[in-house]
$ cat model-v5.txt   # compact mmCIF, C-alpha atoms and all ligand atoms
# COMPACT_ATOMS: atom_id res chain seq x y z
CA MET K 1 -48.06 85.01 -74.57
CA SER K 2 -46.26 82.55 -72.31
CA PHE K 3 -45.56 82.33 -68.59
CA PRO K 4 -42.63 80.66 -66.80
CA ASN K 5 -42.90 77.02 -65.73
CA GLY K 6 -44.62 76.78 -62.36
CA PHE K 7 -46.28 80.19 -62.73
CA LEU K 8 -49.61 79.96 -60.90
CA ILE K 9 -52.69 80.91 -62.92
CA GLY K 10 -56.00 80.36 -61.22
CA ALA K 11 -59.05 81.80 -59.55
CA ALA K 12 -60.06 83.07 -56.13
CA THR K 13 -63.05 82.88 -53.82
CA ALA K 14 -63.80 83.61 -50.15
CA ALA K 15 -65.65 81.24 -47.81
CA HIS K 16 -68.51 83.53 -46.86
CA GLN K 17 -69.13 84.58 -50.45
CA VAL K 18 -69.44 81.07 -51.92
CA GLU K 19 -69.86 78.33 -49.26
CA GLY K 20 -73.29 79.05 -47.73
CA ASN K 21 -74.76 79.06 -44.20
CA ASN K 22 -71.81 80.68 -42.42
CA ILE K 23 -74.06 80.94 -39.38
CA HIS K 24 -71.48 81.71 -36.64
CA SER K 25 -70.05 84.72 -38.45
CA ASP K 26 -70.51 88.44 -37.82
CA TYR K 27 -71.59 88.98 -41.42
CA TRP K 28 -74.37 86.36 -41.15
CA ALA K 29 -75.72 88.15 -38.05
CA GLN K 30 -75.55 91.59 -39.68
CA GLU K 31 -77.19 90.41 -42.90
CA LEU K 32 -80.22 89.31 -40.85
CA LEU K 33 -80.66 92.52 -38.82
CA PRO K 34 -84.14 94.05 -39.33
CA HIS K 35 -82.36 97.21 -40.58
CA SER K 36 -79.53 95.48 -42.38
CA SER K 37 -77.43 97.41 -44.90
CA PHE K 38 -77.19 94.30 -47.06
CA ALA K 39 -79.10 94.08 -50.31
CA GLU K 40 -79.89 90.47 -49.33
CA PRO K 41 -78.58 87.78 -46.94
CA SER K 42 -75.87 85.38 -48.15
CA GLY K 43 -78.01 82.32 -47.31
CA ILE K 44 -76.88 79.24 -49.24
CA ALA K 45 -74.49 81.39 -51.32
CA CYS K 46 -73.22 79.04 -54.08
CA ASP K 47 -73.31 75.97 -51.81
CA HIS K 48 -69.60 75.62 -52.55
CA TYR K 49 -69.31 73.97 -49.15
CA HIS K 50 -70.96 70.89 -50.67
CA ARG K 51 -70.11 71.42 -54.36
CA PHE K 52 -66.40 72.20 -54.13
CA GLU K 53 -65.39 69.01 -55.97
CA GLU K 54 -67.41 70.05 -59.05
CA ASP K 55 -66.03 73.61 -58.89
CA ILE K 56 -62.43 72.46 -58.56
CA ARG K 57 -62.93 69.98 -61.39
CA LEU K 58 -64.25 72.77 -63.65
CA MET K 59 -61.08 74.76 -62.91
CA ALA K 60 -58.85 71.78 -63.70
CA GLU K 61 -60.70 70.95 -66.91
CA ALA K 62 -60.20 74.55 -68.06
CA GLY K 63 -56.46 74.20 -67.35
CA LEU K 64 -56.12 76.39 -64.25
CA ASN K 65 -53.36 75.30 -61.83
CA ALA K 66 -54.12 77.36 -58.68
CA TYR K 67 -57.10 78.04 -56.41
CA ARG K 68 -57.11 80.72 -53.74
CA PHE K 69 -59.85 80.15 -51.16
CA SER K 70 -60.37 80.99 -47.50
CA VAL K 71 -60.74 78.82 -44.42
CA GLU K 72 -63.62 80.21 -42.38
CA TRP K 73 -62.63 81.12 -38.80
CA ALA K 74 -66.27 81.17 -37.71
CA ARG K 75 -66.61 77.53 -38.77
CA ILE K 76 -63.30 76.40 -37.25
CA GLU K 77 -63.86 78.17 -33.90
CA PRO K 78 -67.60 78.87 -33.53
CA GLU K 79 -67.19 79.52 -29.80
CA GLU K 80 -64.06 80.97 -28.22
CA GLY K 81 -61.59 78.15 -27.59
CA ARG K 82 -63.80 75.40 -29.08
CA PHE K 83 -62.31 74.13 -32.35
CA ASP K 84 -64.49 72.02 -34.64
CA GLU K 85 -62.56 69.02 -35.99
CA ASN K 86 -65.31 68.32 -38.54
CA GLU K 87 -64.72 71.69 -40.15
CA ILE K 88 -60.98 71.12 -40.28
CA GLU K 89 -61.77 67.81 -42.00
CA HIS K 90 -63.90 69.68 -44.55
CA TYR K 91 -61.03 71.95 -45.54
CA ARG K 92 -58.65 68.98 -45.58
CA ARG K 93 -60.95 67.48 -48.23
CA VAL K 94 -60.90 70.73 -50.23
CA ILE K 95 -57.10 70.86 -50.17
CA ARG K 96 -56.87 67.18 -51.11
CA CYS K 97 -59.32 67.72 -53.98
CA CYS K 98 -57.14 70.57 -55.28
CA ARG K 99 -54.05 68.39 -55.25
CA GLU K 100 -55.85 65.44 -56.88
CA ASN K 101 -56.78 67.84 -59.69
CA GLY K 102 -53.26 69.24 -60.11
CA ILE K 103 -54.26 72.54 -58.52
CA GLU K 104 -52.13 74.43 -55.98
CA PRO K 105 -54.25 75.58 -53.00
CA LEU K 106 -53.53 79.08 -51.69
CA VAL K 107 -55.32 79.41 -48.36
CA THR K 108 -56.45 82.69 -46.81
CA LEU K 109 -57.00 82.42 -43.05
CA MET K 110 -59.27 85.47 -42.66
CA HIS K 111 -61.25 86.92 -45.55
CA PHE K 112 -63.31 89.72 -43.94
CA THR K 113 -65.58 87.52 -41.76
CA SER K 114 -64.99 86.85 -38.03
CA PRO K 115 -66.72 84.69 -35.42
CA VAL K 116 -69.42 86.65 -33.52
CA TRP K 117 -67.63 85.99 -30.20
CA LEU K 118 -64.52 87.84 -31.46
CA ILE K 119 -66.55 90.95 -32.28
CA ARG K 120 -68.26 90.80 -28.88
CA LYS K 121 -64.74 91.03 -27.37
CA GLY K 122 -64.04 94.24 -29.30
CA GLY K 123 -63.21 92.79 -32.70
CA TRP K 124 -60.46 94.41 -34.82
CA GLU K 125 -59.83 97.19 -32.29
CA ALA K 126 -59.28 94.86 -29.30
CA GLU K 127 -55.73 93.89 -28.30
CA SER K 128 -56.96 90.35 -27.46
CA THR K 129 -57.61 89.77 -31.19
CA VAL K 130 -53.87 89.50 -31.87
CA GLU K 131 -53.60 86.44 -29.64
CA ASP K 132 -56.97 85.02 -30.72
CA PHE K 133 -55.90 85.20 -34.39
CA ARG K 134 -52.47 83.75 -33.63
CA ARG K 135 -54.07 80.79 -31.84
CA TYR K 136 -56.50 80.20 -34.73
CA ALA K 137 -53.64 80.37 -37.28
CA ALA K 138 -51.57 77.94 -35.22
CA TYR K 139 -54.49 75.49 -34.98
CA VAL K 140 -55.19 75.50 -38.73
CA THR K 141 -51.49 75.19 -39.54
CA GLU K 142 -51.03 72.31 -37.12
CA LYS K 143 -53.93 70.44 -38.75
CA LEU K 144 -53.51 71.36 -42.43
CA GLY K 145 -50.01 72.80 -42.77
CA SER K 146 -48.31 69.64 -44.06
CA ASP K 147 -50.41 69.96 -47.24
CA LEU K 148 -49.97 73.70 -47.85
CA ARG K 149 -47.28 75.79 -49.55
CA PHE K 150 -48.93 79.24 -49.57
CA VAL K 151 -50.89 80.95 -46.78
CA CYS K 152 -52.33 84.47 -46.88
CA THR K 153 -52.99 85.46 -43.27
CA ILE K 154 -55.43 88.35 -43.74
CA ASN K 155 -57.28 89.49 -46.86
CA GLU K 156 -57.03 93.17 -47.75
CA ALA K 157 -55.57 94.09 -44.39
CA ASN K 158 -55.64 97.78 -45.38
CA MET K 159 -59.40 97.87 -46.03
CA GLY K 160 -60.25 99.43 -42.64
CA LEU K 161 -58.17 102.56 -43.27
CA GLN K 162 -59.61 102.86 -46.78
CA LEU K 163 -63.11 102.85 -45.29
CA ALA K 164 -62.06 105.38 -42.63
CA ALA K 165 -60.78 107.68 -45.39
CA ILE K 166 -64.07 107.35 -47.30
CA SER K 167 -66.21 108.07 -44.23
CA ARG K 168 -64.01 111.15 -43.50
CA ARG K 169 -64.54 112.41 -47.05
CA PHE K 170 -68.28 111.85 -46.90
CA ARG K 171 -68.92 112.72 -43.24
CA LEU K 172 -68.54 116.38 -44.29
CA MET K 173 -71.63 115.90 -46.44
CA ALA K 174 -73.50 113.68 -43.96
CA GLU K 175 -76.67 115.76 -44.13
CA GLN K 176 -76.68 115.30 -47.95
CA ALA K 177 -75.53 111.66 -47.60
CA GLN K 178 -78.70 110.24 -49.14
CA LYS K 179 -77.79 111.46 -52.63
CA ASN K 180 -73.98 111.53 -52.23
CA ALA K 181 -73.49 108.19 -50.50
CA GLY K 182 -73.95 106.45 -53.84
CA GLN K 183 -70.74 108.09 -55.14
CA ALA K 184 -68.80 106.51 -52.26
CA GLU K 185 -69.63 103.04 -53.50
CA GLY K 186 -67.47 103.45 -56.58
CA THR K 187 -64.39 104.38 -54.57
CA VAL K 188 -63.70 101.08 -52.79
CA GLN K 189 -62.97 97.58 -54.11
CA VAL K 190 -65.62 95.81 -52.03
CA GLY K 191 -69.42 95.74 -52.21
CA MET K 192 -70.72 98.44 -49.85
CA ASN K 193 -74.19 100.06 -49.69
CA PHE K 194 -73.28 103.43 -48.14
CA ARG K 195 -76.66 104.92 -49.09
CA LYS K 196 -78.57 102.20 -47.25
CA MET K 197 -76.11 102.32 -44.33
CA MET K 198 -76.78 106.04 -43.81
CA GLU K 199 -80.54 105.49 -43.82
CA ASN K 200 -80.33 102.59 -41.39
CA MET K 201 -77.64 103.82 -39.03
CA LYS K 202 -79.79 104.75 -36.08
CA TYR K 203 -81.84 101.53 -36.14
CA ALA K 204 -78.86 99.33 -36.91
CA ALA K 205 -76.96 100.69 -33.90
CA GLN K 206 -79.60 99.36 -31.52
CA GLU K 207 -79.83 96.05 -33.34
CA ASN K 208 -76.05 95.62 -33.42
CA ALA K 209 -75.94 96.31 -29.68
CA GLY K 210 -78.38 93.44 -29.18
CA ILE K 211 -76.08 90.97 -30.95
CA PHE K 212 -72.55 92.26 -30.38
CA GLY K 213 -73.00 94.12 -27.08
CA THR K 214 -72.06 97.40 -28.77
CA PRO K 215 -73.80 99.72 -31.25
CA GLN K 216 -70.49 100.00 -33.16
CA PRO K 217 -69.23 96.42 -33.70
CA GLN K 218 -65.62 96.52 -34.93
CA ILE K 219 -66.02 93.99 -37.73
CA PHE K 220 -63.04 93.75 -40.06
CA VAL K 221 -64.70 95.72 -42.88
CA SER K 222 -65.38 98.87 -40.89
CA SER K 223 -63.52 102.13 -40.37
CA ARG K 224 -60.24 101.40 -38.61
CA THR K 225 -58.45 103.70 -36.19
CA PRO K 226 -54.66 104.04 -36.64
CA GLU K 227 -54.30 101.83 -33.55
CA GLY K 228 -56.65 99.23 -35.03
CA ASP K 229 -54.76 99.42 -38.32
CA ALA K 230 -51.50 98.59 -36.54
CA LEU K 231 -53.25 95.84 -34.59
CA VAL K 232 -54.29 94.10 -37.81
CA PHE K 233 -50.67 93.95 -38.94
CA ARG K 234 -49.47 92.79 -35.53
CA ALA K 235 -52.04 89.99 -35.80
CA HIS K 236 -50.54 89.14 -39.20
CA GLN K 237 -47.03 89.05 -37.74
CA ALA K 238 -48.14 86.89 -34.80
CA ALA K 239 -49.89 84.45 -37.15
CA LYS K 240 -46.87 84.33 -39.48
CA GLU K 241 -44.60 83.50 -36.54
CA ALA K 242 -46.94 80.70 -35.42
CA ILE K 243 -47.15 79.26 -38.95
CA LYS K 244 -43.38 79.36 -39.44
CA ALA K 245 -42.77 77.73 -36.06
CA LEU K 246 -44.84 74.73 -37.16
CA HIS K 247 -44.08 74.64 -40.90
CA PRO K 248 -41.15 76.90 -41.87
CA GLU K 249 -41.51 75.71 -45.47
CA ILE K 250 -44.91 77.38 -45.90
CA GLN K 251 -44.70 80.72 -47.74
CA VAL K 252 -46.65 83.32 -45.77
CA GLY K 253 -47.94 86.70 -46.90
CA ILE K 254 -50.75 89.20 -46.50
CA THR K 255 -52.95 90.68 -49.23
CA LEU K 256 -53.64 94.37 -49.80
CA SER K 257 -56.32 96.23 -51.73
CA LEU K 258 -54.26 98.49 -54.01
CA HIS K 259 -55.46 101.12 -56.48
CA ASP K 260 -53.51 102.51 -59.43
CA LEU K 261 -53.31 106.04 -58.01
CA GLN K 262 -52.82 108.59 -60.80
CA ALA K 263 -52.18 112.32 -60.31
CA LEU K 264 -53.39 114.87 -62.81
CA PRO K 265 -51.48 118.21 -62.65
CA GLY K 266 -51.85 119.55 -59.12
CA GLY K 267 -52.97 116.21 -57.70
CA GLU K 268 -49.49 114.82 -56.98
CA SER K 269 -49.46 115.46 -53.23
CA PHE K 270 -52.91 113.86 -52.80
CA ALA K 271 -51.90 110.77 -54.80
CA ASP K 272 -48.64 110.47 -52.88
CA ALA K 273 -50.37 110.77 -49.50
CA ALA K 274 -52.94 108.18 -50.56
CA TRP K 275 -50.20 105.73 -51.61
CA ASP K 276 -48.51 106.23 -48.24
CA GLU K 277 -51.74 105.42 -46.43
CA GLU K 278 -52.78 102.57 -48.75
CA PHE K 279 -49.40 100.88 -49.04
CA ARG K 280 -46.08 102.44 -48.01
CA HIS K 281 -46.78 102.86 -44.28
CA TYR K 282 -47.28 99.08 -44.02
CA LEU K 283 -43.80 98.25 -45.33
CA PRO K 284 -42.17 97.82 -41.88
CA TYR K 285 -44.76 95.12 -41.08
CA ILE K 286 -44.38 93.12 -44.31
CA GLN K 287 -40.78 93.57 -45.52
CA GLY K 288 -39.77 90.16 -44.18
CA ASP K 289 -42.76 88.29 -45.63
CA ASP K 290 -42.33 85.49 -48.20
CA PHE K 291 -44.71 87.23 -50.61
CA LEU K 292 -47.22 90.07 -50.87
CA GLY K 293 -50.71 89.46 -52.30
CA VAL K 294 -51.58 92.30 -54.69
CA GLN K 295 -55.32 92.94 -55.21
CA ASN K 296 -56.24 95.48 -57.84
CA TYR K 297 -59.35 96.30 -59.87
CA THR K 298 -59.12 99.87 -61.11
CA ARG K 299 -57.41 103.25 -60.87
CA THR K 300 -58.13 106.37 -58.81
CA LEU K 301 -57.49 109.88 -60.14
CA TYR K 302 -56.41 112.92 -58.12
CA GLY K 303 -56.61 116.57 -59.11
CA PRO K 304 -55.73 119.84 -57.32
CA GLN K 305 -58.78 119.43 -55.04
CA GLY K 306 -58.15 115.78 -54.22
CA GLN K 307 -59.80 112.57 -55.40
CA LEU K 308 -61.70 112.78 -58.68
CA PRO K 309 -64.57 110.67 -60.02
CA ALA K 310 -63.94 108.45 -63.04
CA PRO K 311 -63.39 110.48 -66.24
CA GLU K 312 -66.53 111.68 -68.03
CA GLY K 313 -67.87 108.91 -70.24
CA ALA K 314 -65.51 106.23 -68.91
CA ALA K 315 -66.89 102.68 -68.91
CA LEU K 316 -67.85 101.69 -65.35
CA THR K 317 -68.11 98.23 -63.83
CA GLN K 318 -71.20 97.07 -61.92
CA MET K 319 -69.39 98.40 -58.83
CA ASP K 320 -69.40 101.96 -60.19
CA TYR K 321 -65.65 102.23 -60.60
CA GLU K 322 -63.80 102.59 -63.90
CA VAL K 323 -63.09 99.62 -66.19
CA TYR K 324 -59.29 100.00 -66.28
CA PRO K 325 -57.35 96.72 -66.61
CA GLU K 326 -54.08 98.58 -67.22
CA ALA K 327 -54.12 99.38 -63.49
CA LEU K 328 -52.73 95.96 -62.58
CA GLU K 329 -49.37 96.41 -64.34
CA HIS K 330 -49.00 99.92 -62.94
CA VAL K 331 -49.68 98.73 -59.39
CA ILE K 332 -47.31 95.74 -59.66
CA ARG K 333 -44.51 98.02 -60.87
CA ARG K 334 -45.18 100.60 -58.16
CA VAL K 335 -45.31 98.01 -55.37
CA HIS K 336 -42.06 96.46 -56.64
CA GLU K 337 -40.28 99.80 -56.21
CA ASP K 338 -40.72 99.53 -52.43
CA PHE K 339 -41.27 95.77 -51.92
CA PRO K 340 -38.61 93.86 -53.87
CA GLY K 341 -39.85 90.46 -52.63
CA THR K 342 -42.12 87.96 -54.37
CA LEU K 343 -45.55 89.18 -55.48
CA ILE K 344 -48.67 87.17 -56.20
CA VAL K 345 -51.71 88.76 -57.82
CA THR K 346 -54.23 87.30 -55.39
CA GLU K 347 -57.19 89.21 -56.87
CA ASN K 348 -57.94 91.01 -60.11
CA GLY K 349 -61.22 90.99 -61.99
CA ILE K 350 -64.29 92.87 -63.20
CA GLY K 351 -67.90 93.03 -62.12
CA THR K 352 -69.73 92.87 -65.43
CA ALA K 353 -72.62 91.03 -67.07
CA ASP K 354 -70.71 91.13 -70.37
CA ASP K 355 -68.29 88.21 -70.51
CA LYS K 356 -66.68 89.60 -73.67
CA GLN K 357 -65.75 92.65 -71.59
CA ARG K 358 -64.32 90.29 -68.97
CA GLN K 359 -62.26 88.48 -71.62
CA ALA K 360 -60.86 91.77 -72.92
CA PHE K 361 -60.13 92.85 -69.33
CA LEU K 362 -58.33 89.56 -68.67
CA ARG K 363 -56.20 89.79 -71.81
CA THR K 364 -55.05 93.34 -70.98
CA ALA K 365 -54.40 92.51 -67.32
CA LEU K 366 -52.38 89.37 -68.21
CA GLN K 367 -50.41 91.26 -70.86
CA GLY K 368 -49.42 93.59 -68.02
CA VAL K 369 -48.41 90.63 -65.87
CA GLU K 370 -46.25 89.29 -68.70
CA ASN K 371 -44.64 92.71 -69.21
CA CYS K 372 -43.71 92.77 -65.51
CA LEU K 373 -42.30 89.23 -65.68
CA ASN K 374 -40.25 90.18 -68.77
CA ASP K 375 -38.76 93.05 -66.75
CA GLY K 376 -37.68 90.63 -64.03
CA ILE K 377 -40.28 91.50 -61.41
CA PRO K 378 -40.57 88.42 -59.11
CA LEU K 379 -44.22 87.53 -59.77
CA LYS K 380 -45.30 84.05 -58.74
CA GLY K 381 -48.88 83.90 -59.92
CA TYR K 382 -52.22 85.41 -60.90
CA CYS K 383 -55.58 84.53 -59.30
CA HIS K 384 -58.64 85.95 -61.02
CA TRP K 385 -61.51 87.24 -58.87
CA SER K 386 -63.64 85.27 -58.99
CA LEU K 387 -64.04 81.61 -59.85
CA MET K 388 -67.84 82.01 -59.76
CA ASP K 389 -70.47 84.71 -59.45
CA ASN K 390 -70.94 85.07 -55.71
CA PHE K 391 -72.12 87.12 -52.72
CA GLU K 392 -70.56 90.57 -53.19
CA TRP K 393 -70.99 91.49 -49.53
CA GLN K 394 -73.49 94.32 -48.99
CA LYS K 395 -74.32 94.37 -52.70
CA GLY K 396 -75.46 90.77 -52.66
CA TYR K 397 -75.65 88.60 -55.79
CA ALA K 398 -76.30 91.35 -58.34
CA MET K 399 -72.56 91.84 -58.90
CA THR K 400 -71.16 89.19 -61.24
CA PHE K 401 -67.36 88.76 -61.11
CA GLY K 402 -67.28 85.06 -61.91
CA LEU K 403 -65.63 82.98 -64.60
CA ILE K 404 -68.54 80.63 -63.93
CA ALA K 405 -72.17 81.74 -63.72
CA VAL K 406 -74.31 80.25 -60.95
CA ASP K 407 -78.07 79.90 -61.42
CA ARG K 408 -79.49 81.52 -58.26
CA THR K 409 -82.45 79.10 -58.23
CA THR K 410 -80.85 75.76 -59.10
CA LEU K 411 -77.21 76.69 -58.25
CA GLU K 412 -76.29 75.04 -61.57
CA ARG K 413 -72.78 76.05 -62.70
CA ARG K 414 -72.41 77.52 -66.20
CA PRO K 415 -68.77 78.10 -67.17
CA LYS K 416 -68.29 81.33 -69.15
CA GLU K 417 -65.98 81.69 -72.17
CA SER K 418 -63.65 83.73 -69.94
CA LEU K 419 -62.88 80.57 -67.91
CA ARG K 420 -61.63 78.90 -71.10
CA VAL K 421 -59.64 82.03 -72.01
CA LEU K 422 -57.90 82.08 -68.63
CA GLY K 423 -57.23 78.35 -68.97
CA GLU K 424 -55.46 79.02 -72.29
CA TYR K 425 -52.99 81.26 -70.50
CA ALA K 426 -52.41 78.62 -67.86
CA ARG K 427 -51.67 76.07 -70.57
CA SER K 428 -49.42 78.41 -72.58
C1 LIG K 501 -62.24 92.41 -51.85
C2 LIG K 501 -62.58 91.09 -51.50
C3 LIG K 501 -63.51 90.34 -52.40
C4 LIG K 501 -64.45 91.16 -53.29
C5 LIG K 501 -63.79 91.53 -54.59
C6 LIG K 501 -64.79 92.20 -55.54
O1 LIG K 501 -61.15 92.54 -52.39
O2 LIG K 501 -62.99 93.29 -51.52
O3 LIG K 501 -61.40 90.32 -51.36
O4 LIG K 501 -64.22 89.68 -51.40
O5 LIG K 501 -65.58 90.38 -53.54
O6 LIG K 501 -62.76 92.42 -54.39
O7 LIG K 501 -65.19 93.42 -55.00
$ encode --input "model-v5.txt" --output "structure tokens"
Amino acid sequence: MSFPNGFLIGAATAAHQVEGNNIHSDYWAQELLPHSSFAEPSGIACDHYHRFEEDIRLMAEAGLNAYRFSVEWARIEPEEGRFDENEIEHYRRVIRCCRENGIEPLVTLMHFTSPVWLIRKGGWEAESTVEDFRRYAAYVTEKLGSDLRFVCTINEANMGLQLAAISRRFRLMAEQAQKNAGQAEGTVQVGMNFRKMMENMKYAAQENAGIFGTPQPQIFVSSRTPEGDALVFRAHQAAKEAIKALHPEIQVGITLSLHDLQALPGGESFADAAWDEEFRHYLPYIQGDDFLGVQNYTRTLYGPQGQLPAPEGAALTQMDYEVYPEALEHVIRRVHEDFPGTLIVTENGIGTADDKQRQAFLRTALQGVENCLNDGIPLKGYCHWSLMDNFEWQKGYAMTFGLIAVDRTTLERRPKESLRVLGEYARS
């Protein structure tokens, strides 16, 4: 298998999931609520904030040539309008370390976490967030832009509508939610504890009100209204404009959580409607972008009654969705039908304790990437989720997506065989 010269093959992380002590963020506050829905707090995470040189070196030694990571808004602007130069300096060091190791940095400006002050202003349903995000993007670009070629503005910008769709589907069974909520967790590509959320909702509302001034804080990973959904993409457009005004050479895109939606006989209209909601209705906002970040982990099946669970007996990941690496090629091809511009696989991976399963997953996924390249689809790169086992949001550290294991006591890094396998592709 071989990839074109300059094809990016690397790994991805997100600040809150790996750095540690993201104390000004909404997630940090919610993790520490007495009735939190989180399995555990993120705490020190993987201490990547202090160990990034070692982590980047491990990538380079394996042969990877790209690293997608996020700059943490809550560190850069811990209070509204106060920007922390020391934190900008930290990310300047990370970017420089990438370059010194022959690794292309792909920076995400917002990967699910927001500063607490933003959520107190109404978060991702408040019109003021468009300007607040634009100003933050402009500040980071002004400080770091001369050393960047790729910027993803917002990670999985369509997550809010996906969560709204799930809560609609399961609200109908709210009174049985205790035993059904668990099924919801296998229908979204992010660690959520719906069961625990249902149990805690009444207490959490009061506790959230104490921190955010509202019992329903509009954090990014929460059900989005259609207005909020549009607002997220307007924030993307405003940020893109600000970035381009300062550094027109930077390639700017957004990333989307995309499922391989498959219709069994009678399920076609459901699958088509889901693809509209998950992808097609965003096209007017992203058609002019330099690239689109594709993030895919599995497939979703639809029958005559709507969404179906994974097929009987199918292998499931730790996240309770189907092990289905073929999904990536299908999604790339489907996206390309409507978005002819450049694509970057900004996330693809598997939550599993079995690294052999991860290696097999990788090989199938990358075969799909090569098939797409051979058919002339303009793919620029592939970033595996994730570089290291990390904080899988509400599911905590039990989910292991990493190419590198992290000892939760000593934080010692233990590269897995899958890191070497991915490096082989990068060298090919
Ligand atoms: C997401 C996020 C990642 C997750 C990954 C595994 O896509 O939900 O970008 O933060 O950890 O997808 O679930």
$ closest_residue --input "model-v5.txt" --among "K:Arg363, K:His281, K:Arg120, K:Lys395" --to "ligand LIG 501 (chain K)" --atoms "only C-alpha atoms and all ligand atoms"
K:Lys395
$ atom_distance --input "model-v5.txt" --atom1 "atom CA of K:Ile286" --atom2 "atom CA of K:Val369"
22.1 Å
$ closest_atom_pairs --input "model-v5.txt" --of "chain K" --to "ligand LIG 501 (chain K)" --cutoff "9 Å" --atoms "all atoms listed in the file" --output "tab-separated table"
residue	atom	partner	partner_atom	distance
K:Ala12	CA	K:LIG501	O3	8.8
K:Thr13	CA	K:LIG501	O4	7.3
K:Ala14	CA	K:LIG501	O4	6.2
K:His16	CA	K:LIG501	O4	8.8
K:Gln17	CA	K:LIG501	O4	7.1
K:His111	CA	K:LIG501	O3	6.7
K:Phe112	CA	K:LIG501	O4	7.5
K:Asn155	CA	K:LIG501	O3	6.2
K:Glu156	CA	K:LIG501	O1	6.2
K:Met159	CA	K:LIG501	O2	8.0
K:Val188	CA	K:LIG501	O2	7.9
K:Gln189	CA	K:LIG501	O7	4.8
K:Val190	CA	K:LIG501	O2	3.7
K:Gly191	CA	K:LIG501	O7	5.6
K:Thr255	CA	K:LIG501	O3	8.7
K:Leu256	CA	K:LIG501	O1	8.2
K:Ser257	CA	K:LIG501	O1	6.1
K:Gln295	CA	K:LIG501	O1	6.5
K:Asn296	CA	K:LIG501	O1	7.9
K:Tyr297	CA	K:LIG501	O6	7.5
K:Met319	CA	K:LIG501	O7	7.6
K:Thr346	CA	K:LIG501	O3	8.8
K:Glu347	CA	K:LIG501	O1	6.8
K:Asn348	CA	K:LIG501	O6	7.6
K:Gly349	CA	K:LIG501	C6	7.5
K:Ile350	CA	K:LIG501	C6	7.7
K:Gly351	CA	K:LIG501	C6	7.3
K:Trp385	CA	K:LIG501	C5	6.5
K:Ser386	CA	K:LIG501	C5	7.7
K:Asn390	CA	K:LIG501	O5	7.9
K:Phe391	CA	K:LIG501	O5	7.4
K:Glu392	CA	K:LIG501	O5	5.0
K:Trp393	CA	K:LIG501	O5	6.8
K:Met399	CA	K:LIG501	C6	8.5
K:Phe401	CA	K:LIG501	C6	7.0
$ residues_around --input "model-v5.txt" --residues "K:Val345" --least-positions-apart "2" --cutoff "12 Å" --atoms "all atoms listed in the file" --output "NGL selection string"
:K and (7-12 or 66 or 68 or 106 or 152 or 253-258 or 291-297 or 328-329 or 331-332 or 335 or 342-343 or 347-349 or 365-366 or 368-369 or 372 or 378-385)
$ atom_distance --input "model-v5.txt" --atom1 "atom CA of K:Ala60" --atom2 "atom CA of K:Glu100"
9.8 Å
$ closest_residue --input "model-v5.txt" --among "K:Arg280, K:Leu403, K:Tyr27, K:Pro34" --to "K:Gly210" --atoms "all atoms listed in the file"
K:Pro34
$ residues_around --input "model-v5.txt" --residues "K:His236" --least-positions-apart "5" --cutoff "12 Å" --atoms "only C-alpha atoms" --output "ChimeraX atom specification"
/K:108-110,129-138,151-158,229-231,241-243,252-255,282,285-286,288-289
$ atom_distance --input "model-v5.txt" --atom1 "atom CA of K:Ile23" --atom2 "atom CA of K:Leu163"
25.2 Å
$ closest_residue --input "model-v5.txt" --among "K:Ala398, K:Val421, K:Leu301, K:Val18" --to "K:Gln359" --atoms "all atoms listed in the file"
K:Val421
$ closest_residue --input "model-v5.txt" --among "K:Thr214, K:Arg169, K:Phe279, K:Ala405" --to "K:Gly306" --atoms "only C-alpha atoms"
K:Arg169
$ closest_residue --input "model-v5.txt" --among "K:Pro248, K:Glu185, K:Met388, K:Gly122" --to "K:Asp407" --atoms "only C-alpha atoms"
K:Met388
